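K.L.:
Got a structure for you, input.csv, holding CSV, C-alpha atoms.
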```csv
chain,number,residue,atom,x,y,z
A,22,MET,CA,-40.9,-56.4,-59.1
A,23,ASN,CA,-44.7,-56.3,-59.6
A,24,LYS,CA,-44.6,-52.5,-59.3
A,25,GLN,CA,-41.7,-52.4,-61.8
A,26,LEU,CA,-43.7,-54.5,-64.3
A,27,THR,CA,-46.8,-52.3,-63.8
A,28,VAL,CA,-44.7,-49.2,-64.6
A,29,ALA,CA,-43.2,-50.9,-67.6
A,30,PHE,CA,-46.6,-51.9,-69.0
A,31,ALA,CA,-47.9,-48.3,-68.5
A,32,ALA,CA,-44.8,-47.0,-70.4
A,33,LEU,CA,-45.4,-49.4,-73.3
A,34,ALA,CA,-49.0,-48.5,-73.4
A,35,THR,CA,-48.1,-44.8,-73.7
A,36,LEU,CA,-45.5,-45.6,-76.4
A,37,ALA,CA,-48.1,-47.7,-78.3
A,38,SER,CA,-50.4,-44.7,-78.4
A,39,LEU,CA,-47.6,-42.5,-79.6
A,40,CYS,CA,-46.7,-44.9,-82.4
A,41,THR,CA,-50.2,-45.5,-83.7
A,42,HIS,CA,-50.3,-44.2,-87.3
A,43,ALA,CA,-47.2,-42.2,-86.5
A,44,HIS,CA,-45.0,-43.1,-89.4
A,45,ALA,CA,-46.2,-40.8,-92.1
A,46,ALA,CA,-43.0,-38.9,-92.7
A,47,THR,CA,-41.3,-39.8,-95.9
A,48,CYS,CA,-38.3,-42.1,-95.5
A,49,GLY,CA,-35.1,-41.8,-97.6
A,50,ASN,CA,-31.8,-43.5,-98.4
A,51,SER,CA,-29.4,-40.6,-98.3
A,52,ALA,CA,-28.8,-37.4,-96.4
A,53,ALA,CA,-30.6,-35.4,-99.1
A,54,GLY,CA,-34.1,-35.8,-97.7
A,55,TYR,CA,-33.2,-35.8,-94.0
A,56,ALA,CA,-34.0,-32.1,-93.3
A,57,ALA,CA,-37.4,-32.4,-95.0
A,58,TRP,CA,-38.1,-35.6,-93.1
A,59,LYS,CA,-37.3,-33.9,-89.8
A,60,GLN,CA,-39.9,-31.2,-90.5
A,61,GLU,CA,-42.6,-33.8,-91.3
A,62,PHE,CA,-41.8,-35.9,-88.3
A,63,ALA,CA,-41.7,-32.9,-86.0
A,64,GLY,CA,-45.2,-32.1,-86.9
A,65,GLU,CA,-46.3,-35.7,-86.0
A,66,ALA,CA,-44.4,-35.6,-82.7
A,67,ARG,CA,-45.8,-32.3,-81.7
A,68,ALA,CA,-49.3,-33.5,-82.4
A,69,LYS,CA,-48.6,-36.5,-80.1
A,70,GLY,CA,-47.5,-34.3,-77.1
A,71,ILE,CA,-43.8,-34.3,-77.4
A,72,SER,CA,-42.5,-31.0,-76.0
A,73,ALA,CA,-41.2,-28.1,-78.0
A,74,GLY,CA,-37.8,-28.3,-76.4
A,75,THR,CA,-37.4,-32.0,-77.3
A,76,ILE,CA,-38.5,-31.4,-80.8
A,77,GLN,CA,-36.0,-28.6,-81.1
A,78,ALA,CA,-33.3,-31.1,-80.0
A,79,LEU,CA,-34.5,-33.5,-82.8
A,80,MET,CA,-34.4,-30.7,-85.3
A,81,ALA,CA,-30.8,-29.9,-84.3
A,82,THR,CA,-29.6,-33.4,-85.2
A,83,ASN,CA,-27.4,-34.1,-88.2
A,84,TYR,CA,-27.7,-37.1,-90.5
A,85,ALA,CA,-25.5,-39.8,-89.0
A,86,GLN,CA,-23.6,-41.2,-91.9
A,87,ALA,CA,-21.4,-43.3,-89.6
A,88,THR,CA,-24.5,-45.0,-88.3
A,89,ILE,CA,-25.7,-45.8,-91.8
A,90,ASN,CA,-22.3,-47.2,-92.7
A,91,ALA,CA,-22.3,-49.4,-89.5
A,92,ASP,CA,-25.8,-50.6,-90.2
A,93,ARG,CA,-24.8,-51.7,-93.7
A,94,GLY,CA,-21.6,-53.4,-92.5
A,95,GLN,CA,-22.6,-55.9,-89.7
A,96,ARG,CA,-20.6,-58.7,-91.1
A,97,SER,CA,-19.5,-60.4,-87.9
A,98,PHE,CA,-22.9,-61.9,-87.4
A,99,ASN,CA,-22.3,-64.0,-90.5
A,100,LEU,CA,-19.2,-65.7,-89.0
A,101,SER,CA,-19.0,-69.2,-87.6
A,102,LEU,CA,-19.4,-69.5,-83.8
A,103,ASP,CA,-15.6,-70.1,-83.3
A,104,ALA,CA,-14.7,-67.2,-85.5
A,105,PHE,CA,-17.2,-64.9,-83.8
A,106,LEU,CA,-15.9,-65.8,-80.4
A,107,ALA,CA,-12.3,-65.1,-81.5
A,108,LYS,CA,-13.3,-61.8,-83.1
A,109,ARG,CA,-15.2,-60.7,-80.0
A,110,GLY,CA,-12.4,-61.7,-77.5
A,111,ALA,CA,-14.4,-64.4,-75.7
A,112,THR,CA,-11.4,-65.7,-73.8
A,113,THR,CA,-10.8,-62.3,-72.3
A,114,ILE,CA,-14.4,-61.8,-71.5
A,115,VAL,CA,-14.7,-65.1,-69.7
A,116,ALA,CA,-11.5,-64.5,-67.7
A,117,LYS,CA,-12.5,-61.0,-66.7
A,118,GLY,CA,-16.1,-62.2,-66.1
A,119,ARG,CA,-15.0,-64.8,-63.6
A,120,GLN,CA,-13.1,-62.1,-61.7
A,121,LEU,CA,-16.1,-59.8,-61.6
A,122,LYS,CA,-18.4,-62.6,-60.6
A,123,ASN,CA,-16.2,-63.0,-57.5
A,124,SER,CA,-15.4,-59.4,-56.7
A,125,GLN,CA,-19.1,-58.3,-57.1
A,126,ALA,CA,-20.7,-61.4,-55.6
A,127,ALA,CA,-23.1,-59.5,-53.4
A,128,LEU,CA,-24.5,-57.6,-56.4
A,129,PHE,CA,-25.0,-60.7,-58.5
A,130,ALA,CA,-26.6,-62.5,-55.6
A,131,SER,CA,-29.0,-59.7,-55.1
A,132,ILE,CA,-29.9,-59.7,-58.8
A,133,ARG,CA,-30.4,-63.5,-58.8
A,134,GLU,CA,-32.6,-63.4,-55.8
A,135,ARG,CA,-34.8,-60.7,-57.3
A,136,THR,CA,-35.0,-62.1,-60.9
A,137,GLY,CA,-33.7,-65.6,-61.0
A,138,VAL,CA,-31.0,-64.7,-63.5
A,139,PRO,CA,-27.5,-66.1,-62.6
A,140,PRO,CA,-24.3,-64.1,-63.1
A,141,GLY,CA,-22.9,-65.8,-66.2
A,142,PRO,CA,-25.2,-64.6,-69.0
A,143,LEU,CA,-25.4,-61.1,-67.5
A,144,ILE,CA,-21.7,-60.8,-67.3
A,145,ALA,CA,-21.3,-62.3,-70.8
A,146,ILE,CA,-23.7,-59.7,-72.2
A,147,TRP,CA,-21.9,-56.9,-70.3
A,148,GLY,CA,-18.5,-58.0,-71.7
A,149,MET,CA,-19.8,-58.6,-75.2
A,150,GLU,CA,-21.7,-55.3,-75.4
A,151,THR,CA,-19.2,-52.8,-74.0
A,152,GLY,CA,-16.1,-54.6,-72.7
A,153,PHE,CA,-17.5,-54.2,-69.2
A,154,GLY,CA,-18.2,-50.5,-69.7
A,155,THR,CA,-15.0,-49.5,-71.5
A,156,GLN,CA,-16.5,-49.1,-75.0
A,157,ARG,CA,-19.9,-47.5,-74.8
A,158,GLY,CA,-19.8,-45.6,-78.0
A,159,ASN,CA,-19.5,-41.9,-78.8
A,160,GLN,CA,-22.3,-41.2,-81.2
A,161,ASN,CA,-25.1,-38.9,-80.5
A,162,MET,CA,-28.0,-41.2,-79.5
A,163,LEU,CA,-30.8,-39.0,-80.8
A,164,ALA,CA,-29.1,-38.4,-84.2
A,165,SER,CA,-28.4,-42.1,-84.6
A,166,ILE,CA,-31.9,-43.2,-83.9
A,167,ALA,CA,-33.5,-40.3,-85.9
A,168,THR,CA,-31.3,-41.2,-88.9
A,169,LEU,CA,-32.3,-44.8,-88.7
A,170,SER,CA,-36.0,-43.8,-88.4
A,171,TYR,CA,-35.6,-41.7,-91.5
A,172,ASP,CA,-33.7,-44.5,-93.4
A,173,CYS,CA,-36.1,-46.7,-95.4
A,174,ARG,CA,-34.4,-50.0,-94.5
A,175,ARG,CA,-35.9,-50.4,-91.0
A,176,SER,CA,-37.9,-47.2,-90.6
A,177,ALA,CA,-40.9,-48.6,-88.7
A,178,TYR,CA,-38.7,-50.4,-86.2
A,179,PHE,CA,-36.6,-47.4,-85.4
A,180,THR,CA,-39.5,-45.0,-85.4
A,181,GLU,CA,-40.8,-46.8,-82.3
A,182,HIS,CA,-37.4,-46.3,-80.7
A,183,LEU,CA,-37.3,-42.7,-81.7
A,184,TYR,CA,-40.6,-42.0,-80.0
A,185,ALA,CA,-39.3,-43.8,-76.9
A,186,ALA,CA,-36.2,-41.6,-77.0
A,187,LEU,CA,-38.2,-38.5,-77.2
A,188,GLN,CA,-40.3,-39.6,-74.3
A,189,LEU,CA,-37.2,-40.3,-72.2
A,190,ILE,CA,-35.8,-36.9,-73.1
A,191,ASP,CA,-39.1,-35.2,-72.1
A,192,ARG,CA,-38.9,-37.0,-68.8
A,193,GLY,CA,-35.3,-36.0,-68.1
A,194,ALA,CA,-34.3,-39.7,-68.1
A,195,LEU,CA,-32.0,-39.1,-71.1
A,196,SER,CA,-30.3,-35.9,-72.4
A,197,PRO,CA,-30.5,-34.8,-76.0
A,198,SER,CA,-26.7,-35.0,-75.9
A,199,GLN,CA,-26.6,-38.6,-74.7
A,200,ARG,CA,-23.8,-40.6,-76.3
A,201,GLY,CA,-24.1,-44.2,-77.3
A,202,SER,CA,-23.3,-46.8,-80.0
A,203,MET,CA,-24.0,-46.7,-83.7
A,204,HIS,CA,-27.6,-47.7,-83.5
A,205,GLY,CA,-28.5,-45.6,-80.5
A,206,GLU,CA,-27.8,-48.2,-77.8
A,207,VAL,CA,-26.8,-46.6,-74.5
A,208,GLY,CA,-25.3,-47.7,-71.1
A,209,GLN,CA,-23.2,-50.5,-69.8
A,210,THR,CA,-25.2,-53.2,-71.5
A,211,GLN,CA,-26.4,-51.2,-74.5
A,212,PHE,CA,-30.2,-50.7,-74.1
A,213,MET,CA,-32.3,-49.2,-76.9
A,214,PRO,CA,-34.8,-46.5,-75.8
A,215,LYS,CA,-37.9,-48.7,-76.0
A,216,ALA,CA,-36.3,-51.2,-73.8
A,217,ILE,CA,-35.2,-48.5,-71.3
A,218,LEU,CA,-38.9,-47.5,-71.0
A,219,ALA,CA,-39.9,-51.1,-70.3
A,220,TYR,CA,-37.1,-52.5,-68.2
A,221,GLY,CA,-34.7,-49.7,-67.3
A,222,THR,CA,-33.8,-49.1,-63.6
A,223,GLY,CA,-32.0,-45.9,-63.0
A,224,ASN,CA,-29.0,-44.5,-64.9
A,225,LEU,CA,-27.8,-47.2,-67.2
A,226,GLU,CA,-24.3,-45.8,-67.3
A,227,ASN,CA,-24.1,-47.3,-63.8
A,228,ALA,CA,-23.1,-50.9,-64.0
A,229,ALA,CA,-25.3,-52.2,-61.2
A,230,ASN,CA,-28.4,-50.5,-62.7
A,231,ALA,CA,-27.6,-51.8,-66.2
A,232,LEU,CA,-27.1,-55.3,-65.0
A,233,MET,CA,-30.4,-55.2,-63.0
A,234,SER,CA,-32.2,-53.8,-66.0
A,235,THR,CA,-30.7,-56.6,-68.2
A,236,ALA,CA,-32.0,-59.2,-65.7
A,237,ASN,CA,-35.4,-57.5,-65.8
A,238,PHE,CA,-35.4,-57.9,-69.6
A,239,LEU,CA,-34.5,-61.6,-69.4
A,240,ARG,CA,-37.1,-62.2,-66.7
A,241,ALA,CA,-39.8,-60.5,-68.7
A,242,HIS,CA,-38.9,-62.7,-71.7
A,243,GLY,CA,-39.6,-65.9,-69.8
A,244,TRP,CA,-36.5,-66.6,-67.7
A,245,LYS,CA,-37.2,-69.4,-65.2
A,246,ALA,CA,-35.0,-69.5,-62.1
A,247,GLY,CA,-32.9,-72.6,-62.0
A,248,ALA,CA,-33.5,-73.7,-65.6
A,249,GLY,CA,-30.7,-74.1,-68.1
A,250,TYR,CA,-29.9,-71.4,-70.7
A,251,GLN,CA,-28.0,-73.4,-73.4
A,252,PRO,CA,-29.5,-73.9,-76.9
A,253,GLY,CA,-32.5,-76.2,-76.5
A,254,GLU,CA,-33.0,-75.4,-72.8
A,255,PRO,CA,-35.8,-73.3,-71.3
A,256,ASN,CA,-34.0,-70.0,-70.8
A,257,PHE,CA,-32.3,-69.8,-74.2
A,258,ALA,CA,-35.4,-68.1,-75.6
A,259,ALA,CA,-34.8,-65.2,-73.3
A,260,ILE,CA,-31.3,-64.8,-74.6
A,261,GLN,CA,-32.7,-65.0,-78.2
A,262,ALA,CA,-35.0,-62.1,-77.3
A,263,TRP,CA,-32.0,-59.9,-76.3
A,264,ASN,CA,-30.3,-60.2,-79.8
A,265,ALA,CA,-31.6,-61.6,-83.0
A,266,ALA,CA,-28.3,-62.9,-84.3
A,267,GLY,CA,-28.0,-66.7,-83.8
A,268,VAL,CA,-24.2,-66.6,-83.4
A,269,TYR,CA,-24.5,-63.9,-80.8
A,270,GLN,CA,-27.0,-65.9,-78.8
A,271,LYS,CA,-24.9,-69.1,-78.8
A,272,ALA,CA,-21.8,-67.0,-77.8
A,273,ILE,CA,-23.6,-65.5,-74.8
A,274,ALA,CA,-24.9,-69.0,-73.7
A,275,LEU,CA,-21.4,-70.5,-74.0
A,276,MET,CA,-19.5,-67.7,-72.3
A,277,GLY,CA,-22.2,-67.5,-69.6
A,278,ARG,CA,-21.8,-71.2,-68.8
A,279,GLN,CA,-18.0,-70.8,-68.6
A,280,ILE,CA,-18.3,-67.8,-66.3
A,281,ASP,CA,-20.8,-69.7,-64.1
A,282,GLY,CA,-18.4,-72.6,-63.8
A,283,GLY,CA,-20.2,-75.0,-66.2
A,284,GLY,CA,-17.1,-76.2,-68.1
A,285,GLU,CA,-14.9,-75.0,-70.9
```
Represent the structure from my file as structure tokens, please.
P.N.:
Amino acid sequence: MNKQLTVAFAALATLASLCTHAHAATCGNSAAGYAAWKQEFAGEARAKGISAGTIQALMATNYAQATINADRGQRSFNLSLDAFLAKRGATTIVAKGRQLKNSQAALFASIRERTGVPPGPLIAIWGMETGFGTQRGNQNMLASIATLSYDCRRSAYFTEHLYAALQLIDRGALSPSQRGSMHGEVGQTQFMPKAILAYGTGNLENAANALMSTANFLRAHGWKAGAGYQPGEPNFAAIQAWNAAGVYQKAIALMGRQIDGGGE
């Protein structure tokens, strides 16, 4: 684990150097300026050592209007906890999650031994994010993240992820044709590129790798073995780090407790 963390810190240091003063390309709020933005950004990326082939892949992307529409329409996070759980199919996630906890007991025991993270929250995240791998998205990852980097609403945030994605493509860890969800999340538990650099273990389309990587993330964000993870308990902060939406955080904690056998 210490070796994994050393590699993670080195990756983040490299990313930080890439992102320093990187965002000079002019953002926009429609498809009209995307081609010009790509030209500007390509020059910045080239100057920071991104390969010609990866830059060519970036230049081949189209403005992802579906991603923008999804980014502007995230209404479920404004629901009450009960409504959110119903909308996301919490009952089904918990039932399936309990089955998976039993059928893959050896995997979850190994993850817990290495990271201290129990099965419940990992399985809840897996079910919430992709329905246990059945709904991983079909958007071009690079186009989605490039579009959000160009878009003025959260340009700085997604520019960091874009540089991470370009690094991962340069390394062969991701393909320019990688498919993912609307905001560029990939794999069984939906990792963003910057998180892949820091916490990813192997191919995240593989469930075991994705679950181990998710546990790495939680551990790195302060997870303490044996401590509780409900709101107000020590490990809830690690769940908060996974997703910023309060209703999502509470849902993961609740479903995780139910999967782990902590009551209805």
K.L.:
Mind giving me the straight-line distance from CA of Arg175 in chain A to CA of Leu189 in chain A in Å, one decimal?
P.N.:
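Result for CA of Arg175 in chain A versus CA of Leu189 in chain A: 21.4 Å, one decimal.
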K.L.:
If we count only C-alpha atoms and set the cut-off at 9 Å, which residues sit around Val138 in chain A, ignoring sequence neighbours fewer than 3 positions away in its own chain? Please answer as a PyMOL selection string.
P.N.:
chain A and resi 129+132-135+141-143+236-237+239-240+244-247
K.L.:
Mind giving me the straight-line distance from CA of Leu100 in chain A to CA of Val268 in chain A in Å, one decimal?
P.N.:
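It comes out at 7.6 Å.
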K.L.:
Extract, using all atoms listed in the file, all DNA, RNA and protein residues at most 7 Å from range 149-154 of chain A, discarding same-chain residues fewer than 4 positions from it, and format them as a list in words.
P.N.:
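So, after excluding close chain neighbours, the residues are Arg109, Ala145, Gln209, Thr210 and Gln211 of chain A.
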K.L.:
Ranking A:Ala241, A:Ala167, A:Trp147, A:Gly208 by minimum distance to Lys122 in chain A and counting only C-alpha atoms, which one comes first?
P.N.:
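Once distances to Lys122 in chain A are computed over only C-alpha atoms, the minimum belongs to A:Trp147.
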K.L.:
By how many Å are CA of Thr168 in chain A and CA of Gln60 in chain A apart?
P.N.:
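Separation between CA of Thr168 in chain A and CA of Gln60 in chain A: 13.3 Å.
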K.L.:
Up to 10 Å from (-27.0, -66.7, -79.8) in the file's coordinates: name the residues, counting all atoms listed in the file, as an MDAnalysis selection string.
P.N.:
chainID A and resid 98 102 251:252 257:258 260:275
K.L.:
Give me a file of those residues, with C-alpha atoms, as a PDB file, in the frame of the given file.
P.N.:
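Saved to selection_0.pdb:
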```pdb
ATOM      1  CA  PHE A  98     -22.900 -61.900 -87.400  1.00  0.00           C
ATOM      2  CA  LEU A 102     -19.400 -69.500 -83.800  1.00  0.00           C
ATOM      3  CA  GLN A 251     -28.000 -73.400 -73.400  1.00  0.00           C
ATOM      4  CA  PRO A 252     -29.500 -73.900 -76.900  1.00  0.00           C
ATOM      5  CA  PHE A 257     -32.300 -69.800 -74.200  1.00  0.00           C
ATOM      6  CA  ALA A 258     -35.400 -68.100 -75.600  1.00  0.00           C
ATOM      7  CA  ILE A 260     -31.300 -64.800 -74.600  1.00  0.00           C
ATOM      8  CA  GLN A 261     -32.700 -65.000 -78.200  1.00  0.00           C
ATOM      9  CA  ALA A 262     -35.000 -62.100 -77.300  1.00  0.00           C
ATOM     10  CA  TRP A 263     -32.000 -59.900 -76.300  1.00  0.00           C
ATOM     11  CA  ASN A 264     -30.300 -60.200 -79.800  1.00  0.00           C
ATOM     12  CA  ALA A 265     -31.600 -61.600 -83.000  1.00  0.00           C
ATOM     13  CA  ALA A 266     -28.300 -62.900 -84.300  1.00  0.00           C
ATOM     14  CA  GLY A 267     -28.000 -66.700 -83.800  1.00  0.00           C
ATOM     15  CA  VAL A 268     -24.200 -66.600 -83.400  1.00  0.00           C
ATOM     16  CA  TYR A 269     -24.500 -63.900 -80.800  1.00  0.00           C
ATOM     17  CA  GLN A 270     -27.000 -65.900 -78.800  1.00  0.00           C
ATOM     18  CA  LYS A 271     -24.900 -69.100 -78.800  1.00  0.00           C
ATOM     19  CA  ALA A 272     -21.800 -67.000 -77.800  1.00  0.00           C
ATOM     20  CA  ILE A 273     -23.600 -65.500 -74.800  1.00  0.00           C
ATOM     21  CA  ALA A 274     -24.900 -69.000 -73.700  1.00  0.00           C
ATOM     22  CA  LEU A 275     -21.400 -70.500 -74.000  1.00  0.00           C
TER      23      LEU A 275
END
```
K.L.:
Counting only C-alpha atoms, which residue out of A:Thr75, A:Gln188, A:Ser198, A:Thr47 sits closest to Lys215 in chain A?
P.N.:
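Ranked by minimum distance to Lys215 in chain A, first place goes to A:Gln188.
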K.L.:
Kindly indicate which residue among A:Gly94, A:Gly221, A:Pro197, A:Gly253 lies nearest to Ala78 in chain A, using all atoms listed in the file for the distances.
P.N.:
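The closest residue to Ala78 in chain A is A:Pro197.
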K.L.:
Extract, using only C-alpha atoms, all DNA, RNA and protein residues at most 6 Å from Arg200 in chain A, discarding same-chain residues fewer than 5 positions from it, and format them as a list of chain:residue names.
P.N.:
A:Asn159, A:Gln160, A:Asn161, A:Met162
K.L.:
Write out as a PyMOL selection string which residues come within 10 Å of Gly49 in chain A when counting all atoms listed in the file, dropping same-chain ones fewer than 2 positions away.
P.N.:
chain A and resi 46-47+51-55+58+168-174+176
K.L.:
Within 9 Å of (-26.8, -48.4, -79.3), in the coordinates the file gives, what residues turn up when you count only C-alpha atoms, written out as a PyMOL selection string?
P.N.:
chain A and resi 157-158+160+162+165-166+200-208+211-214
K.L.:
Generate a file of the selected residues that holds C-alpha atoms, formatted as a compact mmCIF listing (two decimals), in the coordinates of the input.
P.N.:
```txt
# COMPACT_ATOMS: atom_id res chain seq x y z
CA ARG A 157 -19.90 -47.50 -74.80
CA GLY A 158 -19.80 -45.60 -78.00
CA GLN A 160 -22.30 -41.20 -81.20
CA MET A 162 -28.00 -41.20 -79.50
CA SER A 165 -28.40 -42.10 -84.60
CA ILE A 166 -31.90 -43.20 -83.90
CA ARG A 200 -23.80 -40.60 -76.30
CA GLY A 201 -24.10 -44.20 -77.30
CA SER A 202 -23.30 -46.80 -80.00
CA MET A 203 -24.00 -46.70 -83.70
CA HIS A 204 -27.60 -47.70 -83.50
CA GLY A 205 -28.50 -45.60 -80.50
CA GLU A 206 -27.80 -48.20 -77.80
CA VAL A 207 -26.80 -46.60 -74.50
CA GLY A 208 -25.30 -47.70 -71.10
CA GLN A 211 -26.40 -51.20 -74.50
CA PHE A 212 -30.20 -50.70 -74.10
CA MET A 213 -32.30 -49.20 -76.90
CA PRO A 214 -34.80 -46.50 -75.80
```
K.L.:
Find the residues around Gly110 in chain A up to 10 Å (only C-alpha atoms counted), leave out those fewer than 4 positions away in its own chain, and share them as a list in words.
P.N.:
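The residues satisfying every condition are Ala104, Phe105, Leu106, Ile114, Val115, Gly148, Met149 and Gly152 of chain A.
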K.L.:
Tell me which of A:Leu128, A:Ile71, A:Ala229, A:Cys48 sits closest to Asp191 in chain A, counting all atoms listed in the file.
P.N.:
A:Ile71
K.L.:
Would you mind telling me which residue in A:Ala111, A:Ala164, A:Ala130, A:Ala73 lies nearest to Ala87 in chain A when using all atoms listed in the file?
P.N.:
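Looking at the shortest contact to Ala87 in chain A, the residue is A:Ala164.
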K.L.:
In terms of the shortest atom-to-atom distance over all atoms listed in the file, which of A:Gly193, A:Ile280, A:Ile217, A:Glu226 is closest to Gln156 in chain A?
P.N.:
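Among the listed residues, A:Glu226 lies closest to Gln156 in chain A.
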K.L.:
Provide range 54-68 of chain A rebuilt to N, CA and C atoms, formatted as a compact mmCIF listing (two decimals), keeping the file's coordinate frame.
P.N.:
```
# COMPACT_ATOMS: atom_id res chain seq x y z
N GLY A 54 -32.69 -36.04 -98.11
CA GLY A 54 -34.10 -35.80 -97.70
C GLY A 54 -34.22 -35.67 -96.16
N TYR A 55 -33.13 -35.69 -95.42
CA TYR A 55 -33.20 -35.80 -94.00
C TYR A 55 -33.87 -34.49 -93.36
N ALA A 56 -33.48 -33.34 -93.85
CA ALA A 56 -34.00 -32.10 -93.30
C ALA A 56 -35.54 -32.02 -93.51
N ALA A 57 -36.00 -32.40 -94.70
CA ALA A 57 -37.40 -32.40 -95.00
C ALA A 57 -38.16 -33.41 -94.09
N TRP A 58 -37.54 -34.58 -93.91
CA TRP A 58 -38.10 -35.60 -93.10
C TRP A 58 -38.29 -35.10 -91.62
N LYS A 59 -37.26 -34.41 -91.13
CA LYS A 59 -37.30 -33.90 -89.80
C LYS A 59 -38.54 -32.93 -89.61
N GLN A 60 -38.76 -32.10 -90.60
CA GLN A 60 -39.90 -31.20 -90.50
C GLN A 60 -41.21 -31.95 -90.46
N GLU A 61 -41.36 -32.98 -91.30
CA GLU A 61 -42.60 -33.80 -91.30
C GLU A 61 -42.74 -34.49 -89.94
N PHE A 62 -41.67 -35.13 -89.50
CA PHE A 62 -41.80 -35.90 -88.30
C PHE A 62 -42.01 -35.00 -87.07
N ALA A 63 -41.43 -33.81 -87.07
CA ALA A 63 -41.70 -32.90 -86.00
C ALA A 63 -43.12 -32.54 -85.81
N GLY A 64 -43.80 -32.38 -86.93
CA GLY A 64 -45.20 -32.10 -86.90
C GLY A 64 -46.01 -33.26 -86.23
N GLU A 65 -45.64 -34.48 -86.59
CA GLU A 65 -46.30 -35.70 -86.00
C GLU A 65 -46.00 -35.75 -84.51
N ALA A 66 -44.75 -35.53 -84.15
CA ALA A 66 -44.40 -35.60 -82.70
C ALA A 66 -45.06 -34.55 -81.91
N ARG A 67 -45.15 -33.36 -82.45
CA ARG A 67 -45.80 -32.30 -81.70
C ARG A 67 -47.27 -32.60 -81.49
N ALA A 68 -47.91 -33.17 -82.50
CA ALA A 68 -49.30 -33.50 -82.40
C ALA A 68 -49.54 -34.63 -81.32
```
